[in-house]
Amino acid sequence: MSLWRALVSSDHKDLGRKYLWTGLAALALGGALAMLIRWQWAYPYVPVPLVGRPLFGGTGAITPAAYASIFTTHGLVMIFWAMTPILIGAFGNFLIPLLIGARQMAFRRLNAAAYWVFLCSLVVVLASFLVPLGTASAGWTSYPPLAAGIAAPGLGQTLVLFALLLNGAATVMGAICFIATVLRERAPGMHWFRLPLTVWGIFLTAVLNLLFVPMLAAATALLLMDRCLGTQFFIAGAAAVHGGGDPILYQHLFWIFAHPEVYILILPAWGIIGDVISFFSRKPAHWYRGTVYALLGITALSGTVYAHHMFVAGIRPLVGKAFMLTTLTISLPSQVLAFNWLFTLWRGSIRLTTPMLFALGTVFVFSVGGLTGLYLGGLSTDLYLHDSMWVVGHFHLIMAAATFLGAFCGLYFWFPKMFGRQLDETLGKIHFACSAVLLTAVFGGQLLAGYAGQPRRLFDPYQYEYLQRLLPLNRWTSLLAFALALSQGVFVWNLWRTLRSKVPARENPWEVGTLEWTLTESPPAPGNFAQVPTVLRGPHTFSATVLGTELGRDYLGQAEPLPAGVQEP
Amino acid sequence: MSGLGLGLPENASAHGHLIDELLWVTDRFDVVVVALLLGVLVLACVRFGRSRTASSDRGGSRWAIAKVVGLSLLLFGVVDGYLLGASLRGVDQVFWNFGAVEQDPRTLRVEVNAQEWTWSIRYAGPDGAFNTADDVLSLDEVRVPVGRPVLFELGASDVIHSFSLPAFRVKQDAVPGQLTRLWIEPARAGTFEIVCQQFCGVSHYKMRGTLVAMPEADFDAWLQEASRQARLAFDPEDPGAHWGWAWRAAR
């Protein structure tokens with residue numbers, strides 16, 4: 001297929017691959033911004049090697065204003081333009097129809113338009129770097145009054161907020177297609193409890209997107225009006241004056257989206273690793289329905305915990321206590337997920353393939369991330385740790401480490417289906433080892449800095465005497481972060497090699513039974529299934545004795561008829 | 001950790017130990033759970049990595065479900081339950097127990113107005129009323145007596161700031177258009193740093209103040225003298241002298 005046809009195609013597999021490349025490019029940009037932040041904390045006022053002068057002028061050291069833009073856009077780019085397109089755009093588009101036995105995504109034109117709106121939003125963000133006064137600088141949270149114009153008077157902040165609106169529109173458009181597809185396009189026999197967990201994860205993410213992205217859009221639209229049209233929804237005067245609007249209203253609107261956003265990003269990863277752990281334990285997922293109920297429970301609770309982000313914003317004590325209770329409660333279904341993963345491993349026949357290693361790494365960093373979040377759900381401990389580097393370490397373990405490892409778990413696993421070539425396993429394992437160890441170490445370093453009292457978002461933490469002792473820690477953390485960035489070269493090299501390779505992937509390289517691997521072509525031809533399969537069972541049928549004796553292998557396809565007279569395992 | 005120069009800043013609050021203990025216990029829970037998890041993951045990979053055959057158990061039996069639910073409830077009950085109970089006691093009895101502090105006759109009241117990038121401090125002076133001629137004003141330095149409750153009422157003129165006292169383990173946002181509260185009781189004399197902990201613009205990192213905890217007699221003498229000087233310098237025509245507000249008492 002020519003490049004042009006791939007570009008204009010509305011086929012879900014082409015769209016998935018477009019989201020993947022766009023997301024990986026944005027991941028590189030967001031990662032580069034992270035390296036600048038780490039440089040600043042390790043070597044404040046020291047010129048940045050190579051890129052310092054062209055980027056910052058003068059000596060090439062990062063300035064306070066540049067620093068504000070860097071940490072602001074790092075967060076925004078990573079969340080909305082890197083992890084969102086990779087986990088939701090790429091996997092959602094590529095996988096949903098293939099895994100449920102559909103020939104195409106529902107509303108395929110709307111779905112294709114979503115990608116182009118998404119790409120426009122990215123272009124607007126990139127353009128914001130070039131305008132006078134620079135890009136957004138009020139933090140990824142864009143709290144007013146700061147983001148309403150006082151501290152961010154430039155066009156860049158306006159452009160980024162507008163890009164956020166566009167991005168939200170694209171996300172909602174995609175979510176509508178995903179939900180309609182899962183509701184309406186499942187193959188005959190693909191009951192809800194026969195869906196691969198990956199589909200459950202992405203489906204519930206789409207539901208959350210549809211519910212909560214409009215909240216972000218409302219907050220952003222009102223904020224844009226405050227910036228551009230002279231309204232005062234979120235602008236208030238001094239204490240004695242009491243004029244105007246309510247800055248806290250924005251925080252309610254923002255966090256009722258932004259806390260579910262954590263689950264929006266992690267649900268696809270949870271789904272993926274739920275399947276992958278079963279696949280490579282050669283054992284059915286332990287208590288599949290329990291995992292599904294837990295995912296549903298978390299989805300239902302996700303909108304009820306958000307105000308723990310506002311424990312020190314001046315909310316009433318009763319509200320604080322109610323949200324502490326819901327926040328701690330949401331850890332219960334998360335624990336059900338974790339125990340189900342562990343019980344799936346137990347008494348399996350574990351194959352430590354690259355995707356499996358990434359899945360196990362996800363389990364670990366997610367658990368550490370969840371446990372370090374407990375402190376922030378408790379009112380008393382949050383009084384000390386709120387807005388500290390502890391928060392940064394905690395949410396990076398979940399929103400960066402766990403989603404990153406989960407995304408690469410999915411990428412290594414489905415790469416043969418997406419591109420017809422299989423990534424090198426040895427390079428993949430090296431990539432895993434570097435990523436898992438260094439991600440944990442870097443975000444662990446941030447946790448330690450936060451525990452010692454370092455606030456987040458400080459251009460120069462060492463202005464404070466009690467933080468001067470943390471310079472060695474921060475420097476070590478930065479060096480590990482640079483190593484983490486460099487180690488991603490292993491993946492880039494693997495990608496380059498594999499895509500140029502002429503050796504086709506095997507039809508079913510992982511020997512699993514989900515529908516996508518019954519298609520002989522990789523990537524499958526438009527329309528996917530010449531004949532839509534009739535699904536007979538769930539996604540994880542492994543290791544039953546009857547499979548070995550009757551079929552000579554340890555797995556069974558979801559739509560694979562058994563020889564006459566053989567009992568369903 | 002403290003041997004590495006890490007760990008918590010030295011506690012200066014009469015109540016900071018409540019938070020420190022809660023952190024300490026939760027740290028232990030977390031370390032144990034993470035170690036167990038890592039152990040199980042490694043053990044599973046070693047023990048079942050070489051096994052040729054896997055169980056085909058779907059984990060749907062009552063016993064299998066009971067194991068998952070039971071373990072989850074156990075972990076939830078112990079770790080989350082402890083944190084919930086202790087946190088509730090902390091805020092109810094101490095950190096958010098503003099009623100008791102308001103009623104305590106020893107309580108020192110201080111108004112703090114935050115603006116980019118400075119803390120304006122105001123004491124009521126001998127007349128006990130704020131926004132009057134004998135108010136003591138200060139920039140970026142708060143003096144407080146050791147052993148007495150100190151109640152801060154916080155406002156902000158421009159953007160959101162956060163009045164954070166790491167050595168006292170507490171912080172509270174200062175929000176334009178409303179007043180928020182925070183209280184401490186210094187346990188020992190010393191000079192401690194006030195941190196702005198909510199990003200408030202380019203020079204946020206320089207919005208540093210100091211809190212000086214003094215023996216009560218020294219503090220009283222200082223306040224009296226400062227108030228005498230304040231009355232001499234008071235200019236009713238100066239718009240900058242009137243940023244204070246009438247104390248809003250308990251809500």
# chains A, B, ... in the order shown; residues from 1 in each chain; ligands from 1

call {"tool": "closest_atom_pairs", "arguments": {"of": "stretch 140-180 of chain B", "to": "stretch 102-120 of chain B", "cutoff": "6 Å", "atoms": "only C-alpha atoms", "output": "CSV"}}
result
residue,atom,partner,partner_atom,distance
B:Asp140,CA,B:Trp119,CA,4.9
B:Pro149,CA,B:Thr107,CA,4.8
B:Val150,CA,B:Leu108,CA,4.8
B:Leu151,CA,B:Arg109,CA,4.9
B:Phe152,CA,B:Val110,CA,4.8
B:Glu153,CA,B:Glu111,CA,4.9
B:Leu154,CA,B:Val112,CA,4.9
B:Gly155,CA,B:Asn113,CA,4.7
B:Ala156,CA,B:Ala114,CA,4.5
B:Ser157,CA,B:Gln115,CA,5.4
B:Asp158,CA,B:Gln115,CA,5.8

call {"tool": "residues_around", "arguments": {"residues": "A:Tyr451", "least_positions_apart": "3", "cutoff": "8 Å", "atoms": "only C-alpha atoms", "output": "ChimeraX atom specification"}}
result
/A:385,388-390,447-448,454 /B:7-8

call {"tool": "residues_around", "arguments": {"residues": "B:His242", "least_positions_apart": "5", "cutoff": "9 Å", "atoms": "only C-alpha atoms", "output": "PyMOL selection string"}}
result
chain B and resi 131-132+236

call {"tool": "closest_residue", "arguments": {"among": "A:Val546, A:Ala138, A:Cys434, A:Leu295", "to": "chain B", "atoms": "only C-alpha atoms"}}
result
A:Ala138

call {"tool": "closest_residue", "arguments": {"among": "A:Val503, A:Ile273, A:Phe323, A:Tyr250", "to": "A:Ala236", "atoms": "only C-alpha atoms"}}
result
A:Tyr250

call {"tool": "residues_around", "arguments": {"residues": "A:Leu383", "least_positions_apart": "5", "cutoff": "8 Å", "atoms": "only C-alpha atoms", "output": "VMD selection string"}}
result
(chain A and resid 311 to 312) or (chain B and resid 169 to 172)

call {"tool": "closest_residue", "arguments": {"among": "B:Val94, B:Ala35, B:Ala213, B:Leu6", "to": "chain A", "atoms": "only C-alpha atoms"}}
result
B:Leu6

call {"tool": "residues_around", "arguments": {"residues": "A:Pro504", "least_positions_apart": "2", "cutoff": "9 Å", "atoms": "only C-alpha atoms", "output": "short mmCIF file (atom, residue, chain, number, x, y, z; two decimals) with C-alpha atoms, in the first residue's frame"}}
result
data_model
loop_
_atom_site.label_atom_id
_atom_site.label_comp_id
_atom_site.auth_asym_id
_atom_site.auth_seq_id
_atom_site.Cartn_x
_atom_site.Cartn_y
_atom_site.Cartn_z
CA PRO A 416 4.13 -9.00 14.93
CA GLY A 420 4.33 -8.52 10.31
CA ARG A 421 7.79 -8.54 11.92
CA GLN A 422 8.81 -9.61 15.38
CA SER A 501 14.16 -6.92 8.32
CA LYS A 502 12.77 -9.20 5.63
CA ARG A 506 5.26 -16.37 12.51
CA GLU A 507 1.48 -16.56 12.27
CA SER A 522 0.00 -9.57 9.56
#

call {"tool": "select_by_dssp", "arguments": {"residues": "stretch 52-251 of chain A", "states": "alpha helix (DSSP H)", "output": "PyMOL selection string"}}
result
chain A and resi 52-56+64-76+91-100+108-128+155-184+197-228+247-251

call {"tool": "write_last_selection", "arguments": {"atoms": "C-alpha atoms", "output": "short mmCIF file (atom, residue, chain, number, x, y, z; two decimals), in the first residue's frame"}}
result
data_model
loop_
_atom_site.label_atom_id
_atom_site.label_comp_id
_atom_site.auth_asym_id
_atom_site.auth_seq_id
_atom_site.Cartn_x
_atom_site.Cartn_y
_atom_site.Cartn_z
CA GLY A 52 21.40 25.06 25.96
CA ARG A 53 22.40 28.03 23.82
CA PRO A 54 19.99 27.51 20.94
CA LEU A 55 17.11 26.90 23.35
CA PHE A 56 17.71 29.39 26.13
CA PRO A 64 13.13 30.41 35.66
CA ALA A 65 10.65 31.34 32.92
CA ALA A 66 11.94 28.62 30.59
CA TYR A 67 11.80 26.13 33.46
CA ALA A 68 8.12 26.94 34.08
CA SER A 69 7.34 26.27 30.42
CA ILE A 70 9.38 23.08 30.43
CA PHE A 71 7.66 21.38 33.37
CA THR A 72 4.26 22.58 32.18
CA THR A 73 4.61 21.19 28.67
CA HIS A 74 6.38 18.04 29.88
CA GLY A 75 3.26 17.07 31.81
CA LEU A 76 0.80 18.06 29.11
CA PHE A 91 -4.04 -0.11 20.94
CA GLY A 92 -7.70 0.84 20.96
CA ASN A 93 -7.85 1.28 17.21
CA PHE A 94 -5.67 -1.60 16.23
CA LEU A 95 -6.96 -4.13 18.71
CA ILE A 96 -10.66 -3.63 19.42
CA PRO A 97 -12.02 -4.88 16.07
CA LEU A 98 -9.45 -7.67 15.78
CA LEU A 99 -9.97 -8.94 19.31
CA ILE A 100 -13.77 -8.92 19.19
CA ARG A 108 -15.09 4.74 10.65
CA ARG A 109 -15.09 8.27 9.22
CA LEU A 110 -15.68 9.83 12.64
CA ASN A 111 -12.90 7.62 13.93
CA ALA A 112 -10.52 8.73 11.18
CA ALA A 113 -11.47 12.37 11.74
CA ALA A 114 -10.58 11.93 15.43
CA TYR A 115 -6.97 11.22 14.48
CA TRP A 116 -6.70 14.33 12.34
CA VAL A 117 -8.23 16.53 15.03
CA PHE A 118 -5.76 14.99 17.46
CA LEU A 119 -2.86 15.73 15.10
CA CYS A 120 -4.05 19.35 14.72
CA SER A 121 -4.02 19.70 18.50
CA LEU A 122 -0.41 18.52 18.55
CA VAL A 123 0.51 21.03 15.84
CA VAL A 124 -1.07 23.82 17.92
CA VAL A 125 1.00 22.77 20.94
CA LEU A 126 4.19 22.75 18.88
CA ALA A 127 3.30 26.17 17.45
CA SER A 128 2.90 27.52 20.99
CA LEU A 155 -0.45 33.73 23.42
CA GLY A 156 1.29 30.42 24.18
CA GLN A 157 -0.91 29.65 27.21
CA THR A 158 -4.02 30.40 25.14
CA LEU A 159 -2.84 28.15 22.31
CA VAL A 160 -2.10 25.27 24.66
CA LEU A 161 -5.52 25.56 26.31
CA PHE A 162 -7.10 25.59 22.86
CA ALA A 163 -5.05 22.53 21.91
CA LEU A 164 -6.35 20.83 25.04
CA LEU A 165 -9.90 21.47 23.85
CA LEU A 166 -9.10 20.01 20.42
CA ASN A 167 -7.41 17.03 22.01
CA GLY A 168 -10.49 16.47 24.18
CA ALA A 169 -12.75 16.63 21.13
CA ALA A 170 -10.62 14.00 19.40
CA THR A 171 -10.64 11.80 22.48
CA VAL A 172 -14.42 11.94 22.79
CA MET A 173 -14.87 11.22 19.07
CA GLY A 174 -12.65 8.16 19.39
CA ALA A 175 -14.39 7.05 22.58
CA ILE A 176 -17.77 7.11 20.84
CA CYS A 177 -16.43 4.83 18.09
CA PHE A 178 -14.81 2.44 20.59
CA ILE A 179 -17.94 2.14 22.70
CA ALA A 180 -20.24 1.66 19.70
CA THR A 181 -17.90 -0.98 18.30
CA VAL A 182 -17.72 -3.00 21.49
CA LEU A 183 -21.46 -2.70 22.04
CA ARG A 184 -22.56 -3.52 18.49
CA LEU A 197 -9.26 -8.29 29.33
CA THR A 198 -7.49 -5.88 26.98
CA VAL A 199 -10.84 -5.06 25.38
CA TRP A 200 -12.42 -4.59 28.82
CA GLY A 201 -9.66 -2.17 29.80
CA ILE A 202 -9.88 -0.09 26.64
CA PHE A 203 -13.68 -0.15 26.63
CA LEU A 204 -13.91 1.13 30.20
CA THR A 205 -11.31 3.79 29.38
CA ALA A 206 -13.53 4.93 26.50
CA VAL A 207 -16.50 5.11 28.88
CA LEU A 208 -14.51 7.26 31.31
CA ASN A 209 -13.31 9.47 28.47
CA LEU A 210 -16.85 10.00 27.28
CA LEU A 211 -17.99 10.89 30.81
CA PHE A 212 -15.14 13.02 32.06
CA VAL A 213 -13.27 14.63 29.17
CA PRO A 214 -16.25 16.99 28.73
CA MET A 215 -15.59 18.17 32.31
CA LEU A 216 -12.06 19.14 31.31
CA ALA A 217 -13.44 20.79 28.19
CA ALA A 218 -15.87 22.81 30.32
CA ALA A 219 -13.12 23.93 32.69
CA THR A 220 -10.80 24.79 29.80
CA ALA A 221 -13.48 26.63 27.84
CA LEU A 222 -14.40 28.78 30.86
CA LEU A 223 -10.73 29.45 31.50
CA LEU A 224 -10.24 30.50 27.87
CA MET A 225 -13.18 32.88 28.27
CA ASP A 226 -11.56 34.34 31.37
CA ARG A 227 -8.36 34.84 29.37
CA CYS A 228 -9.82 36.12 26.14
CA PRO A 247 -10.65 29.73 41.64
CA ILE A 248 -11.64 26.59 43.54
CA LEU A 249 -14.51 25.91 41.13
CA TYR A 250 -11.90 25.30 38.44
CA GLN A 251 -10.17 22.75 40.65
#

call {"tool": "interface_residues", "arguments": {"of": "chain A", "to": "chain B", "cutoff": "7 Å", "atoms": "only C-alpha atoms", "output": "PyMOL selection string"}}
result
chain A and resi 64-65+68+138+145-146+151+236-243+282-287+312-314+328+332+335-336+339-340+345-351+368+371+378-381+383-384+387+451-453+455+457-461+463+469+542-544

call {"tool": "write_last_selection", "arguments": {"atoms": "C-alpha atoms", "output": "PDB file, in the first residue's frame"}}
result
ATOM      1  CA  PRO A  64      13.132  30.412  35.661  1.00  0.00           C
ATOM      2  CA  ALA A  65      10.654  31.340  32.922  1.00  0.00           C
ATOM      3  CA  ALA A  68       8.123  26.943  34.076  1.00  0.00           C
ATOM      4  CA  ALA A 138       1.149  27.667  34.548  1.00  0.00           C
ATOM      5  CA  PRO A 145      -5.933  32.774  38.473  1.00  0.00           C
ATOM      6  CA  LEU A 146      -2.343  31.942  37.481  1.00  0.00           C
ATOM      7  CA  ALA A 151       1.318  35.110  35.301  1.00  0.00           C
ATOM      8  CA  ALA A 236     -11.118  36.495  42.442  1.00  0.00           C
ATOM      9  CA  GLY A 237      -9.682  39.537  44.144  1.00  0.00           C
ATOM     10  CA  ALA A 238      -7.809  39.889  47.412  1.00  0.00           C
ATOM     11  CA  ALA A 239      -9.259  38.465  50.615  1.00  0.00           C
ATOM     12  CA  ALA A 240     -10.726  41.751  51.693  1.00  0.00           C
ATOM     13  CA  VAL A 241     -12.224  42.447  48.305  1.00  0.00           C
ATOM     14  CA  HIS A 242     -14.019  39.165  47.633  1.00  0.00           C
ATOM     15  CA  GLY A 243     -14.734  40.131  44.057  1.00  0.00           C
ATOM     16  CA  ARG A 282       0.051 -20.819  29.998  1.00  0.00           C
ATOM     17  CA  LYS A 283      -2.824 -20.751  32.442  1.00  0.00           C
ATOM     18  CA  PRO A 284      -6.284 -19.148  32.382  1.00  0.00           C
ATOM     19  CA  ALA A 285      -6.492 -15.775  34.108  1.00  0.00           C
ATOM     20  CA  HIS A 286      -7.327 -16.413  37.740  1.00  0.00           C
ATOM     21  CA  TRP A 287     -10.975 -15.506  38.521  1.00  0.00           C
ATOM     22  CA  VAL A 312      -5.224  21.606  51.491  1.00  0.00           C
ATOM     23  CA  ALA A 313      -7.136  23.918  49.144  1.00  0.00           C
ATOM     24  CA  GLY A 314      -9.539  24.919  51.894  1.00  0.00           C
ATOM     25  CA  LEU A 328      -8.880   4.566  50.312  1.00  0.00           C
ATOM     26  CA  LEU A 332      -9.739  -2.500  47.400  1.00  0.00           C
ATOM     27  CA  GLN A 335      -5.869  -5.247  45.301  1.00  0.00           C
ATOM     28  CA  VAL A 336      -8.273  -7.771  43.756  1.00  0.00           C
ATOM     29  CA  PHE A 339      -3.965 -10.817  43.735  1.00  0.00           C
ATOM     30  CA  ASN A 340      -5.592 -12.221  40.599  1.00  0.00           C
ATOM     31  CA  LEU A 345       1.256 -16.865  37.844  1.00  0.00           C
ATOM     32  CA  TRP A 346       1.141 -19.447  40.596  1.00  0.00           C
ATOM     33  CA  ARG A 347       1.235 -23.007  39.275  1.00  0.00           C
ATOM     34  CA  GLY A 348       1.563 -21.752  35.733  1.00  0.00           C
ATOM     35  CA  SER A 349       4.311 -22.593  33.280  1.00  0.00           C
ATOM     36  CA  ILE A 350       5.951 -19.212  33.097  1.00  0.00           C
ATOM     37  CA  ARG A 351       7.620 -18.103  29.874  1.00  0.00           C
ATOM     38  CA  VAL A 368       4.670   0.564  44.528  1.00  0.00           C
ATOM     39  CA  LEU A 371       1.141   1.978  48.025  1.00  0.00           C
ATOM     40  CA  GLY A 378      -4.857  10.004  54.249  1.00  0.00           C
ATOM     41  CA  LEU A 379      -5.705  13.522  55.404  1.00  0.00           C
ATOM     42  CA  SER A 380      -3.023  13.806  58.095  1.00  0.00           C
ATOM     43  CA  THR A 381      -0.130  12.454  56.034  1.00  0.00           C
ATOM     44  CA  LEU A 383      -0.832  17.703  55.128  1.00  0.00           C
ATOM     45  CA  TYR A 384       2.903  17.072  55.039  1.00  0.00           C
ATOM     46  CA  ASP A 387       2.426  19.234  46.541  1.00  0.00           C
ATOM     47  CA  TYR A 451       9.733  12.602  51.944  1.00  0.00           C
ATOM     48  CA  ALA A 452      12.607  14.871  52.919  1.00  0.00           C
ATOM     49  CA  GLY A 453      10.352  17.830  52.230  1.00  0.00           C
ATOM     50  CA  PRO A 455       8.220  20.776  47.092  1.00  0.00           C
ATOM     51  CA  ARG A 457       7.948  22.542  40.654  1.00  0.00           C
ATOM     52  CA  LEU A 458      10.863  24.464  42.201  1.00  0.00           C
ATOM     53  CA  PHE A 459      13.276  26.035  39.713  1.00  0.00           C
ATOM     54  CA  ASP A 460      15.980  26.088  42.366  1.00  0.00           C
ATOM     55  CA  PRO A 461      15.127  23.902  45.386  1.00  0.00           C
ATOM     56  CA  GLN A 463      17.058  28.425  47.745  1.00  0.00           C
ATOM     57  CA  ARG A 469      21.233  18.499  51.745  1.00  0.00           C
ATOM     58  CA  PHE A 542      -4.692 -23.150  28.330  1.00  0.00           C
ATOM     59  CA  SER A 543      -3.015 -26.314  29.504  1.00  0.00           C
ATOM     60  CA  ALA A 544      -6.048 -28.587  29.896  1.00  0.00           C
TER      61      ALA A 544
END

call {"tool": "residues_around", "arguments": {"residues": "A:Lys18", "least_positions_apart": "3", "cutoff": "9 Å", "atoms": "only C-alpha atoms", "output": "ChimeraX atom specification"}}
result
/A:6-7,13-15,21-23,89-90,115

call {"tool": "atom_distance", "arguments": {"atom1": "atom CA of A:Asn528", "atom2": "atom CA of A:Lys417"}}
result
11.7 Å

call {"tool": "residues_around", "arguments": {"residues": "A:Gly30", "least_positions_apart": "3", "cutoff": "8 Å", "atoms": "only C-alpha atoms", "output": "ChimeraX atom specification"}}
result
/A:26-27,33-34,73-75,77-78,82

call {"tool": "write_last_selection", "arguments": {"atoms": "N, CA and C atoms", "output": "PDB file, in the first residue's frame"}}
result
ATOM      1  N   ALA A  26       5.846  12.058  20.305  1.00  0.00           N
ATOM      2  CA  ALA A  26       5.549  12.950  21.426  1.00  0.00           C
ATOM      3  C   ALA A  26       6.215  12.443  22.705  1.00  0.00           C
ATOM      4  N   LEU A  27       6.323  11.127  22.843  1.00  0.00           N
ATOM      5  CA  LEU A  27       7.002  10.549  24.010  1.00  0.00           C
ATOM      6  C   LEU A  27       8.467  10.990  24.032  1.00  0.00           C
ATOM      7  N   LEU A  33      12.014  16.973  27.404  1.00  0.00           N
ATOM      8  CA  LEU A  33      11.668  18.029  28.361  1.00  0.00           C
ATOM      9  C   LEU A  33      11.965  17.573  29.792  1.00  0.00           C
ATOM     10  N   ALA A  34      11.665  16.285  30.074  1.00  0.00           N
ATOM     11  CA  ALA A  34      11.952  15.757  31.415  1.00  0.00           C
ATOM     12  C   ALA A  34      13.445  15.827  31.714  1.00  0.00           C
ATOM     13  N   THR A  73       4.838  21.920  29.915  1.00  0.00           N
ATOM     14  CA  THR A  73       4.608  21.189  28.673  1.00  0.00           C
ATOM     15  C   THR A  73       5.053  19.731  28.785  1.00  0.00           C
ATOM     16  N   HIS A  74       6.025  19.453  29.666  1.00  0.00           N
ATOM     17  CA  HIS A  74       6.377  18.042  29.882  1.00  0.00           C
ATOM     18  C   HIS A  74       5.141  17.251  30.311  1.00  0.00           C
ATOM     19  N   GLY A  75       4.444  17.777  31.309  1.00  0.00           N
ATOM     20  CA  GLY A  75       3.264  17.066  31.807  1.00  0.00           C
ATOM     21  C   GLY A  75       2.184  16.956  30.749  1.00  0.00           C
ATOM     22  N   VAL A  77       2.328  17.251  27.414  1.00  0.00           N
ATOM     23  CA  VAL A  77       2.679  16.440  26.241  1.00  0.00           C
ATOM     24  C   VAL A  77       2.648  14.959  26.597  1.00  0.00           C
ATOM     25  N   MET A  78       3.213  14.611  27.745  1.00  0.00           N
ATOM     26  CA  MET A  78       3.261  13.199  28.122  1.00  0.00           C
ATOM     27  C   MET A  78       1.852  12.621  28.287  1.00  0.00           C
ATOM     28  N   ALA A  82       1.238  11.816  24.342  1.00  0.00           N
ATOM     29  CA  ALA A  82       2.095  10.618  24.238  1.00  0.00           C
ATOM     30  C   ALA A  82       1.364   9.377  24.764  1.00  0.00           C
TER      31      ALA A  82
END

call {"tool": "select_by_dssp", "arguments": {"residues": "stretch 131-212 of chain B", "states": "strand (DSSP E)", "output": "NGL selection string"}}
result
:B and (136-139 or 141-145 or 150-156 or 161-165 or 170-174 or 180-184 or 190-196 or 208-212)

call {"tool": "closest_residue", "arguments": {"among": "A:Arg537, A:Leu337, A:Tyr306, A:Thr403", "to": "A:Ala322", "atoms": "only C-alpha atoms"}}
result
A:Tyr306

call {"tool": "atom_distance", "arguments": {"atom1": "atom CA of B:Ala189", "atom2": "atom CA of B:Met214"}}
result
5.1 Å

call {"tool": "closest_residue", "arguments": {"among": "A:Leu342, A:Ile264, A:Ala400, A:Ala441", "to": "A:Ser278", "atoms": "only C-alpha atoms"}}
result
A:Leu342

call {"tool": "decode", "arguments": {"residues": "stretch 4-27 of chain B", "atoms": "C-alpha atoms", "output": "short mmCIF file (atom, residue, chain, number, x, y, z; two decimals), in the first residue's frame"}}
result
data_model
loop_
_atom_site.label_atom_id
_atom_site.label_comp_id
_atom_site.auth_asym_id
_atom_site.auth_seq_id
_atom_site.Cartn_x
_atom_site.Cartn_y
_atom_site.Cartn_z
CA LEU B 4 22.20 9.57 54.29
CA GLY B 5 21.06 13.10 54.98
CA LEU B 6 17.56 12.14 53.89
CA GLY B 7 14.44 11.58 55.94
CA LEU B 8 12.08 14.09 57.47
CA PRO B 9 13.20 17.59 58.46
CA GLU B 10 13.60 17.88 62.23
CA ASN B 11 10.21 18.28 63.86
CA ALA B 12 9.53 21.60 65.60
CA SER B 13 5.82 21.16 66.25
CA ALA B 14 4.13 19.98 69.42
CA HIS B 15 1.93 17.79 67.20
CA GLY B 16 4.27 16.86 64.33
CA HIS B 17 4.96 13.49 65.93
CA LEU B 18 1.39 12.44 65.11
CA ILE B 19 2.16 12.73 61.41
CA ASP B 20 5.67 11.34 61.79
CA GLU B 21 4.33 8.23 63.51
CA LEU B 22 1.70 7.75 60.85
CA LEU B 23 4.37 8.04 58.17
CA TRP B 24 6.65 5.68 60.08
CA VAL B 25 4.03 2.95 60.43
CA THR B 26 2.83 3.29 56.83
CA ASP B 27 6.45 3.13 55.63
#
